[in-house]
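K.L.:
My file is model07.tsv. It has TSV, C-alpha atoms:
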```
chain	number	residue	atom	x	y	z
A	1	MET	CA	53.88	40.86	79.22
A	2	ILE	CA	54.19	39.76	82.84
A	3	GLU	CA	55.10	36.27	84.04
A	4	LEU	CA	54.66	35.44	87.72
A	5	PHE	CA	56.60	32.48	89.07
A	6	THR	CA	54.63	31.41	92.13
A	7	SER	CA	54.01	28.43	94.40
A	8	GLN	CA	51.16	27.23	96.58
A	9	GLY	CA	53.80	26.30	99.17
A	10	CYS	CA	55.26	29.82	99.41
A	11	SER	CA	53.83	31.97	102.23
A	12	SER	CA	54.92	35.23	100.58
A	13	CYS	CA	53.21	34.40	97.27
A	14	PRO	CA	49.48	35.09	97.90
A	15	PRO	CA	49.90	38.91	97.80
A	16	ALA	CA	51.68	38.53	94.45
A	17	ASP	CA	48.94	36.22	93.16
A	18	LYS	CA	46.37	38.89	94.08
A	19	ILE	CA	48.34	41.63	92.30
A	20	LEU	CA	48.65	39.50	89.18
A	21	GLY	CA	44.87	39.05	89.19
A	22	GLU	CA	44.44	42.83	89.32
A	23	LEU	CA	46.96	43.39	86.51
A	24	ALA	CA	45.25	40.71	84.41
A	25	LYS	CA	42.17	42.96	84.25
A	26	ASP	CA	44.18	45.64	82.41
A	27	PRO	CA	43.65	45.13	78.64
A	28	SER	CA	47.06	46.67	77.94
A	29	VAL	CA	48.82	43.98	79.99
A	30	ILE	CA	49.14	40.25	79.37
A	31	ALA	CA	49.71	38.68	82.78
A	32	LEU	CA	50.48	34.97	83.27
A	33	SER	CA	50.94	32.72	86.31
A	34	MET	CA	53.61	30.04	85.94
A	35	PRO	CA	53.54	27.85	89.08
A	36	ILE	CA	56.88	26.21	89.87
A	37	ASP	CA	57.56	22.86	91.55
A	38	TYR	CA	60.79	23.29	93.50
A	39	TRP	CA	59.05	24.07	96.81
A	40	ASP	CA	56.96	20.87	96.70
A	41	TYR	CA	59.25	19.24	99.27
A	42	LEU	CA	58.13	21.73	101.95
A	43	GLY	CA	55.00	19.74	102.75
A	44	TRP	CA	52.53	20.61	100.00
A	45	LYS	CA	52.71	19.56	96.36
A	46	ASP	CA	51.60	22.44	94.14
A	47	THR	CA	48.61	21.18	92.18
A	48	LEU	CA	49.23	23.55	89.24
A	49	ALA	CA	53.02	23.38	89.07
A	50	ASP	CA	54.90	22.39	85.94
A	51	SER	CA	58.61	21.60	85.83
A	52	ARG	CA	58.81	23.48	82.52
A	53	PHE	CA	58.02	26.70	84.38
A	54	SER	CA	60.81	26.03	86.90
A	55	ALA	CA	63.17	25.47	83.96
A	56	ARG	CA	61.96	28.67	82.28
A	57	GLN	CA	62.59	30.73	85.41
A	58	LYS	CA	66.09	29.27	85.72
A	59	ALA	CA	66.78	29.93	82.02
A	60	TYR	CA	65.77	33.59	82.50
A	61	SER	CA	68.20	33.95	85.41
A	62	GLN	CA	71.03	32.42	83.41
A	63	ALA	CA	70.26	34.63	80.40
A	64	ARG	CA	70.36	37.72	82.62
A	65	GLY	CA	73.50	36.42	84.32
A	66	ASP	CA	72.29	37.09	87.87
A	67	ARG	CA	71.17	33.57	88.95
A	68	GLU	CA	68.24	35.19	90.81
A	69	VAL	CA	65.57	32.51	91.20
A	70	TYR	CA	62.92	32.98	93.91
A	71	THR	CA	59.19	33.17	94.55
A	72	PRO	CA	57.22	35.26	94.05
A	73	GLN	CA	59.19	36.55	91.07
A	74	VAL	CA	57.81	38.52	88.16
A	75	VAL	CA	59.64	38.71	84.85
A	76	VAL	CA	58.55	41.74	82.83
A	77	ASN	CA	58.72	41.62	79.03
A	78	GLY	CA	61.36	38.90	79.27
A	79	SER	CA	63.89	41.48	80.42
A	80	MET	CA	63.68	42.51	84.10
A	81	HIS	CA	62.77	40.67	87.28
A	82	VAL	CA	60.89	42.16	90.22
A	83	ILE	CA	59.52	40.81	93.51
A	84	GLY	CA	56.00	39.71	92.62
A	85	SER	CA	54.37	41.54	95.52
A	86	ASP	CA	55.92	44.90	94.55
A	87	ARG	CA	53.27	46.42	92.30
A	88	ALA	CA	55.07	49.74	91.97
A	89	GLY	CA	58.22	47.88	90.97
A	90	ILE	CA	56.30	45.89	88.37
A	91	GLU	CA	54.76	49.00	86.86
A	92	SER	CA	58.16	50.71	86.80
A	93	ALA	CA	59.69	47.68	85.05
A	94	ILE	CA	56.93	47.79	82.44
A	95	ASP	CA	57.74	51.44	81.69
A	96	ILE	CA	61.48	50.78	81.54
A	97	THR	CA	61.42	47.62	79.42
A	98	LYS	CA	58.94	48.83	76.82
A	99	LYS	CA	61.37	51.62	75.89
A	100	ALA	CA	63.98	49.08	74.79
A	101	ASN	CA	64.42	48.52	71.08
A	102	GLY	CA	62.00	45.94	69.73
A	103	VAL	CA	60.25	45.07	72.99
A	104	MET	CA	56.54	44.36	72.38
A	105	SER	CA	56.85	46.06	68.99
A	106	VAL	CA	55.70	43.19	66.77
A	107	PRO	CA	51.95	43.05	66.05
A	108	VAL	CA	50.50	39.65	66.96
A	109	THR	CA	46.89	38.60	66.43
A	110	MET	CA	44.96	35.48	67.39
A	111	THR	CA	41.39	34.61	66.46
A	112	ARG	CA	39.22	31.57	67.05
A	113	SER	CA	37.42	29.84	64.21
A	114	GLY	CA	35.44	26.86	65.46
A	115	LYS	CA	37.94	24.42	66.93
A	116	LEU	CA	40.93	26.23	65.43
A	117	LEU	CA	43.05	29.15	66.57
A	118	ASN	CA	44.54	31.32	63.83
A	119	VAL	CA	47.76	33.08	64.78
A	120	SER	CA	49.42	35.83	62.75
A	121	VAL	CA	52.73	37.54	63.44
A	122	ALA	CA	53.55	40.65	61.44
A	123	ALA	CA	56.91	41.53	59.96
A	124	SER	CA	59.28	43.35	62.28
A	125	GLY	CA	59.26	46.60	60.34
A	126	GLN	CA	63.04	46.68	60.68
A	127	GLY	CA	63.82	44.69	57.55
A	128	PRO	CA	64.17	40.94	57.07
A	129	ALA	CA	66.43	39.17	59.57
A	130	ALA	CA	66.69	42.30	61.72
A	131	MET	CA	64.75	40.46	64.43
A	132	HIS	CA	64.17	36.79	65.17
A	133	GLY	CA	62.61	34.65	67.82
A	134	GLU	CA	60.28	31.80	68.69
A	135	VAL	CA	56.47	31.72	68.62
A	136	TRP	CA	54.72	29.93	71.50
A	137	ILE	CA	51.07	29.41	72.40
A	138	CYS	CA	49.76	28.87	75.94
A	139	ALA	CA	46.50	27.38	77.19
A	140	ILE	CA	45.16	29.49	80.06
A	141	SER	CA	42.79	29.02	82.99
A	142	ARG	CA	41.73	32.52	83.95
A	143	ALA	CA	40.79	31.82	87.60
A	144	VAL	CA	41.63	28.71	89.60
A	145	PRO	CA	40.69	28.64	93.31
A	146	ILE	CA	42.81	26.21	95.32
A	147	GLU	CA	42.29	25.07	98.91
A	148	ILE	CA	45.77	24.47	100.32
A	149	GLY	CA	45.83	21.68	102.88
A	150	ARG	CA	49.41	21.67	104.14
A	151	GLY	CA	52.63	23.65	104.08
A	152	GLU	CA	53.19	27.36	104.65
A	153	ASN	CA	49.74	28.33	103.32
A	154	SER	CA	47.83	25.55	105.10
A	155	GLY	CA	44.13	26.33	105.48
A	156	ARG	CA	44.09	29.12	102.91
A	157	GLU	CA	42.15	29.32	99.68
A	158	VAL	CA	44.07	31.19	97.01
A	159	THR	CA	42.81	32.06	93.55
A	160	TYR	CA	45.43	31.85	90.82
A	161	HIS	CA	44.88	33.99	87.73
A	162	ASN	CA	45.73	33.35	84.07
A	163	VAL	CA	47.42	30.07	84.96
A	164	VAL	CA	49.38	28.52	82.11
A	165	ARG	CA	48.20	24.91	81.85
A	166	ASN	CA	50.04	23.94	78.68
A	167	LEU	CA	52.40	25.53	76.20
A	168	LEU	CA	53.43	24.60	72.69
A	169	LYS	CA	56.04	25.98	70.32
A	170	LEU	CA	54.48	26.93	66.99
A	171	GLY	CA	57.68	27.73	65.18
A	172	ASP	CA	60.55	30.10	64.60
A	173	TRP	CA	60.07	33.69	63.48
A	174	ASP	CA	62.68	35.33	61.25
A	175	GLY	CA	61.43	38.91	61.17
A	176	THR	CA	59.06	38.34	58.26
A	177	SER	CA	55.31	37.83	58.60
A	178	GLY	CA	54.08	34.36	59.47
A	179	SER	CA	50.88	32.53	60.34
A	180	TRP	CA	49.89	29.30	62.06
A	181	THR	CA	46.67	27.37	62.51
A	182	VAL	CA	46.40	25.46	65.79
A	183	PRO	CA	43.70	22.89	66.61
A	184	LEU	CA	42.35	23.71	70.07
A	185	GLU	CA	42.79	20.08	71.11
A	186	ASN	CA	46.56	20.45	70.64
A	187	ILE	CA	46.82	22.79	73.63
A	188	SER	CA	43.62	22.19	75.60
A	189	HIS	CA	43.58	18.97	77.60
A	190	ASP	CA	41.75	20.43	80.60
A	191	GLU	CA	38.10	21.41	80.98
A	192	GLY	CA	39.18	24.58	82.80
A	193	ILE	CA	40.93	26.08	79.77
A	194	ASP	CA	39.12	29.28	78.85
A	195	ALA	CA	41.73	31.50	77.16
A	196	ALA	CA	44.90	31.38	75.11
A	197	VAL	CA	48.00	33.53	74.82
A	198	VAL	CA	50.49	33.57	71.99
A	199	TYR	CA	53.85	35.29	72.29
A	200	VAL	CA	56.92	35.97	70.18
A	201	GLN	CA	60.15	36.01	72.14
A	202	ASP	CA	63.73	36.75	71.17
A	203	GLY	CA	66.23	33.99	71.78
A	204	SER	CA	65.21	30.42	72.51
A	205	ARG	CA	63.58	28.29	75.21
A	206	ASP	CA	66.99	27.72	76.80
A	207	LYS	CA	68.09	31.35	76.42
A	208	PRO	CA	64.93	33.47	76.55
A	209	GLY	CA	65.31	37.12	75.64
A	210	PRO	CA	63.08	40.18	75.37
A	211	MET	CA	59.40	39.71	74.57
A	212	LEU	CA	58.73	40.99	71.05
A	213	GLY	CA	54.95	40.71	70.91
A	214	ALA	CA	51.95	38.89	72.37
A	215	ALA	CA	48.19	38.47	72.13
A	216	PHE	CA	45.42	37.18	74.39
A	217	THR	CA	42.05	35.76	73.40
A	218	PRO	CA	39.20	34.27	75.44
A	219	LEU	CA	37.94	30.87	74.31
A	220	HIS	CA	34.43	31.08	75.79
```
Is it possible to express this structure as structure tokens?

P.N.:
Amino acid sequence: MIELFTSQGCSSCPPADKILGELAKDPSVIALSMPIDYWDYLGWKDTLADSRFSARQKAYSQARGDREVYTPQVVVNGSMHVIGSDRAGIESAIDITKKANGVMSVPVTMTRSGKLLNVSVAASGQGPAAMHGEVWICAISRAVPIEIGRGENSGREVTYHNVVRNLLKLGDWDGTSGSWTVPLENISHDEGIDAAVVYVQDGSRDKPGPMLGAAFTPLH
């Protein structure tokens, strides 16, 4: 799973936004855009930014211990960070992180039934309590074109891909199988929501660790 921390006010971000869009077409990759708000003071307020994404990026840096917070930054499988415009670096990080114990090893499924999403997380396969984490669900807009009027990208139209528009914690996962039923209205407050992602991550919101499993489903 790839998370891109990006900003409409960052002149070096559009190449990374384009790469994320290309990676999002790969069915073996779950790629998310998480627009941050700390560049809003530069003359353009990011219309997709969420302070929760800025906090998540900072929490990742503190968990890694390197304090590296910048845009465009990609976090791969919750474990490594790479400059978002470095596609080769991203692909290398995918290969490296997926070899780590437990990373993206937990089967996760999500299906839609009317106005409900049904989420299932399998057991870890390493025995009860061998793994643990949190289960989160994200509402996604798969393509959002934005005309940027001021700031470093003034006059440009940039399309943002798989933009997280809302996220909700479903519960804790203790290594045993679990399931949740989520009303669509709980995560979807925007007409542009057309997909959902659920992920299981080691650690907590304040100390995020390796990504243990994830699933993507279109809503239309």

K.L.:
Please list, as a count of residues only, the residues that have an atom at most 9 Å away from (44.5, 42.8, 71.0) in the coordinates of this file, counting all atoms listed in the file.

P.N.:
10

K.L.:
Ranking A:Glu68, A:Glu191, A:Asp95, A:Asp172 by minimum distance to Val29 (chain A) and counting only C-alpha atoms, which one comes first?

P.N.:
A:Asp95

K.L.:
Report as a PDB file with C-alpha atoms, keeping the file's coordinate frame all protein, DNA and RNA residues lying within 10 Å of region 5-22 of chain A, evaluated on only C-alpha atoms, omitting residues in the same chain fewer than 3 positions from it.

P.N.:
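File written: part-v9.pdb
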```
ATOM      1  CA  ILE A   2      54.190  39.760  82.840  1.00  0.00           C
ATOM      2  CA  LYS A  25      42.170  42.960  84.250  1.00  0.00           C
ATOM      3  CA  ASP A  26      44.180  45.640  82.410  1.00  0.00           C
ATOM      4  CA  ILE A  30      49.140  40.250  79.370  1.00  0.00           C
ATOM      5  CA  ALA A  31      49.710  38.680  82.780  1.00  0.00           C
ATOM      6  CA  LEU A  32      50.480  34.970  83.270  1.00  0.00           C
ATOM      7  CA  SER A  33      50.940  32.720  86.310  1.00  0.00           C
ATOM      8  CA  MET A  34      53.610  30.040  85.940  1.00  0.00           C
ATOM      9  CA  PRO A  35      53.540  27.850  89.080  1.00  0.00           C
ATOM     10  CA  ILE A  36      56.880  26.210  89.870  1.00  0.00           C
ATOM     11  CA  ASP A  37      57.560  22.860  91.550  1.00  0.00           C
ATOM     12  CA  TYR A  38      60.790  23.290  93.500  1.00  0.00           C
ATOM     13  CA  TRP A  39      59.050  24.070  96.810  1.00  0.00           C
ATOM     14  CA  ASP A  40      56.960  20.870  96.700  1.00  0.00           C
ATOM     15  CA  TYR A  41      59.250  19.240  99.270  1.00  0.00           C
ATOM     16  CA  LEU A  42      58.130  21.730 101.950  1.00  0.00           C
ATOM     17  CA  GLY A  43      55.000  19.740 102.750  1.00  0.00           C
ATOM     18  CA  TRP A  44      52.530  20.610 100.000  1.00  0.00           C
ATOM     19  CA  LYS A  45      52.710  19.560  96.360  1.00  0.00           C
ATOM     20  CA  ASP A  46      51.600  22.440  94.140  1.00  0.00           C
ATOM     21  CA  THR A  47      48.610  21.180  92.180  1.00  0.00           C
ATOM     22  CA  LEU A  48      49.230  23.550  89.240  1.00  0.00           C
ATOM     23  CA  ALA A  49      53.020  23.380  89.070  1.00  0.00           C
ATOM     24  CA  PHE A  53      58.020  26.700  84.380  1.00  0.00           C
ATOM     25  CA  SER A  54      60.810  26.030  86.900  1.00  0.00           C
ATOM     26  CA  ARG A  56      61.960  28.670  82.280  1.00  0.00           C
ATOM     27  CA  GLN A  57      62.590  30.730  85.410  1.00  0.00           C
ATOM     28  CA  VAL A  69      65.570  32.510  91.200  1.00  0.00           C
ATOM     29  CA  TYR A  70      62.920  32.980  93.910  1.00  0.00           C
ATOM     30  CA  THR A  71      59.190  33.170  94.550  1.00  0.00           C
ATOM     31  CA  PRO A  72      57.220  35.260  94.050  1.00  0.00           C
ATOM     32  CA  GLN A  73      59.190  36.550  91.070  1.00  0.00           C
ATOM     33  CA  VAL A  74      57.810  38.520  88.160  1.00  0.00           C
ATOM     34  CA  VAL A  75      59.640  38.710  84.850  1.00  0.00           C
ATOM     35  CA  ILE A  83      59.520  40.810  93.510  1.00  0.00           C
ATOM     36  CA  GLY A  84      56.000  39.710  92.620  1.00  0.00           C
ATOM     37  CA  SER A  85      54.370  41.540  95.520  1.00  0.00           C
ATOM     38  CA  ASP A  86      55.920  44.900  94.550  1.00  0.00           C
ATOM     39  CA  ARG A  87      53.270  46.420  92.300  1.00  0.00           C
ATOM     40  CA  ILE A  90      56.300  45.890  88.370  1.00  0.00           C
ATOM     41  CA  ARG A 142      41.730  32.520  83.950  1.00  0.00           C
ATOM     42  CA  ALA A 143      40.790  31.820  87.600  1.00  0.00           C
ATOM     43  CA  ILE A 146      42.810  26.210  95.320  1.00  0.00           C
ATOM     44  CA  GLU A 147      42.290  25.070  98.910  1.00  0.00           C
ATOM     45  CA  ILE A 148      45.770  24.470 100.320  1.00  0.00           C
ATOM     46  CA  GLY A 149      45.830  21.680 102.880  1.00  0.00           C
ATOM     47  CA  ARG A 150      49.410  21.670 104.140  1.00  0.00           C
ATOM     48  CA  GLY A 151      52.630  23.650 104.080  1.00  0.00           C
ATOM     49  CA  GLU A 152      53.190  27.360 104.650  1.00  0.00           C
ATOM     50  CA  ASN A 153      49.740  28.330 103.320  1.00  0.00           C
ATOM     51  CA  SER A 154      47.830  25.550 105.100  1.00  0.00           C
ATOM     52  CA  ARG A 156      44.090  29.120 102.910  1.00  0.00           C
ATOM     53  CA  GLU A 157      42.150  29.320  99.680  1.00  0.00           C
ATOM     54  CA  VAL A 158      44.070  31.190  97.010  1.00  0.00           C
ATOM     55  CA  THR A 159      42.810  32.060  93.550  1.00  0.00           C
ATOM     56  CA  TYR A 160      45.430  31.850  90.820  1.00  0.00           C
ATOM     57  CA  HIS A 161      44.880  33.990  87.730  1.00  0.00           C
ATOM     58  CA  ASN A 162      45.730  33.350  84.070  1.00  0.00           C
TER      59      ASN A 162
END
```

K.L.:
Quote the spacing between CA of Ile96 (chain A) and CA of Met80 (chain A) in Å to one decimal place.

P.N.:
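Computing the Euclidean distance for CA of Ile96 (chain A) and CA of Met80 (chain A) yields 8.9 Å.
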
K.L.:
Between A:Leu184, A:Ile193, A:Ala122, A:Met1, single out the one closest to Val163 (chain A), counting all atoms listed in the file.

P.N.:
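Answer, going by the shortest atom-to-atom distance: A:Ile193.
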
K.L.:
Using Å and a single decimal, report how far CA of Ile187 (chain A) sits from CA of Arg205 (chain A).

P.N.:
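Those two atoms sit 17.7 Å apart.
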
K.L.:
Please report the interatomic distance between CA of Arg165 (chain A) and CA of Gly209 (chain A) in Å with one decimal.

P.N.:
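Computed distance, CA of Arg165 (chain A) to CA of Gly209 (chain A), equals 21.9 Å.
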
K.L.:
Looking at only C-alpha atoms, which of A:Pro218, A:Asn166, A:Met211, A:Ser179 is the one that sits closest to Tyr60 (chain A)?

P.N.:
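When distances to Tyr60 (chain A) are compared using only C-alpha atoms, the smallest one comes from A:Met211.
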
K.L.:
Which residue, A:Gly203, A:Leu116, A:His220, A:Gly125, has the smallest gap to Val182 (chain A) when you use all atoms listed in the file?

P.N.:
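Smallest separation from Val182 (chain A) among the options: A:Leu116.
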
K.L.:
I'd like the neighbourhood of Thr176 (chain A) as a PyMOL selection string, where a residue qualifies if any of its atoms comes within 7 Å (using all atoms listed in the file), though same-chain residues fewer than 2 positions away should be ignored.

P.N.:
chain A and resi 122-124+128+174+178

K.L.:
Identify which of the residues A:Thr181, A:Val200, A:Ala24, A:Asp206 lies closest to Thr111 (chain A), counting all atoms listed in the file when measuring atom-to-atom distances.

P.N.:
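Result for the nearest residue to Thr111 (chain A): A:Thr181.
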
K.L.:
Give me, as a PDB file with C-alpha atoms, keeping the file's coordinate frame, all polymer residues having an atom no more than 10 Å from Val103 (chain A), counting only C-alpha atoms and skipping those fewer than 5 positions away in the same chain.

P.N.:
```
ATOM      1  CA  MET A   1      53.880  40.860  79.220  1.00  0.00           C
ATOM      2  CA  ASN A  77      58.720  41.620  79.030  1.00  0.00           C
ATOM      3  CA  GLY A  78      61.360  38.900  79.270  1.00  0.00           C
ATOM      4  CA  SER A  79      63.890  41.480  80.420  1.00  0.00           C
ATOM      5  CA  THR A  97      61.420  47.620  79.420  1.00  0.00           C
ATOM      6  CA  LYS A  98      58.940  48.830  76.820  1.00  0.00           C
ATOM      7  CA  GLN A 201      60.150  36.010  72.140  1.00  0.00           C
ATOM      8  CA  ASP A 202      63.730  36.750  71.170  1.00  0.00           C
ATOM      9  CA  GLY A 209      65.310  37.120  75.640  1.00  0.00           C
ATOM     10  CA  PRO A 210      63.080  40.180  75.370  1.00  0.00           C
ATOM     11  CA  MET A 211      59.400  39.710  74.570  1.00  0.00           C
ATOM     12  CA  LEU A 212      58.730  40.990  71.050  1.00  0.00           C
ATOM     13  CA  GLY A 213      54.950  40.710  70.910  1.00  0.00           C
TER      14      GLY A 213
END
```

K.L.:
Could you check the closest approach to Val135 (chain A) for each of A:Val82, A:Val106, A:Ile94, A:Val198 and tell me which residue wins, using only C-alpha atoms?

P.N.:
A:Val198

K.L.:
Could you add whatever atoms are missing so that region 110-128 of chain A carries N, CA and C atoms, then write the result as a short mmCIF file (atom, residue, chain, number, x, y, z; two decimals), in the coordinates of the input?

P.N.:
```cif
data_model
loop_
_atom_site.label_atom_id
_atom_site.label_comp_id
_atom_site.auth_asym_id
_atom_site.auth_seq_id
_atom_site.Cartn_x
_atom_site.Cartn_y
_atom_site.Cartn_z
N MET A 110 45.44 36.85 67.23
CA MET A 110 44.96 35.48 67.39
C MET A 110 43.44 35.51 67.38
N THR A 111 42.84 34.69 66.53
CA THR A 111 41.39 34.61 66.46
C THR A 111 40.97 33.15 66.50
N ARG A 112 39.76 32.92 67.01
CA ARG A 112 39.22 31.57 67.05
C ARG A 112 38.24 31.36 65.91
N SER A 113 38.35 30.22 65.26
CA SER A 113 37.42 29.84 64.21
C SER A 113 37.02 28.40 64.46
N GLY A 114 35.85 28.22 65.11
CA GLY A 114 35.44 26.86 65.46
C GLY A 114 36.41 26.23 66.44
N LYS A 115 37.00 25.13 66.07
CA LYS A 115 37.94 24.42 66.93
C LYS A 115 39.39 24.72 66.55
N LEU A 116 39.58 25.84 65.85
CA LEU A 116 40.93 26.23 65.43
C LEU A 116 41.27 27.62 65.97
N LEU A 117 42.54 27.83 66.27
CA LEU A 117 43.05 29.15 66.57
C LEU A 117 43.97 29.58 65.43
N ASN A 118 43.73 30.78 64.93
CA ASN A 118 44.54 31.32 63.83
C ASN A 118 45.46 32.40 64.38
N VAL A 119 46.74 32.18 64.24
CA VAL A 119 47.76 33.08 64.78
C VAL A 119 48.50 33.76 63.64
N SER A 120 48.65 35.08 63.74
CA SER A 120 49.42 35.83 62.75
C SER A 120 50.44 36.70 63.45
N VAL A 121 51.65 36.69 62.93
CA VAL A 121 52.73 37.54 63.44
C VAL A 121 53.20 38.41 62.28
N ALA A 122 53.18 39.71 62.50
CA ALA A 122 53.55 40.65 61.44
C ALA A 122 55.07 40.69 61.26
N ALA A 123 55.49 41.31 60.17
CA ALA A 123 56.91 41.53 59.96
C ALA A 123 57.42 42.54 60.99
N SER A 124 58.71 42.53 61.23
CA SER A 124 59.28 43.35 62.28
C SER A 124 59.26 44.83 61.97
N GLY A 125 59.22 45.18 60.70
CA GLY A 125 59.26 46.60 60.34
C GLY A 125 60.68 47.14 60.34
N GLN A 126 61.64 46.26 60.67
CA GLN A 126 63.04 46.68 60.68
C GLN A 126 63.85 45.96 59.61
N GLY A 127 63.13 45.40 58.63
CA GLY A 127 63.82 44.69 57.55
C GLY A 127 63.99 43.23 57.88
N PRO A 128 64.01 42.38 56.86
CA PRO A 128 64.17 40.94 57.07
C PRO A 128 65.44 40.63 57.87
#
```
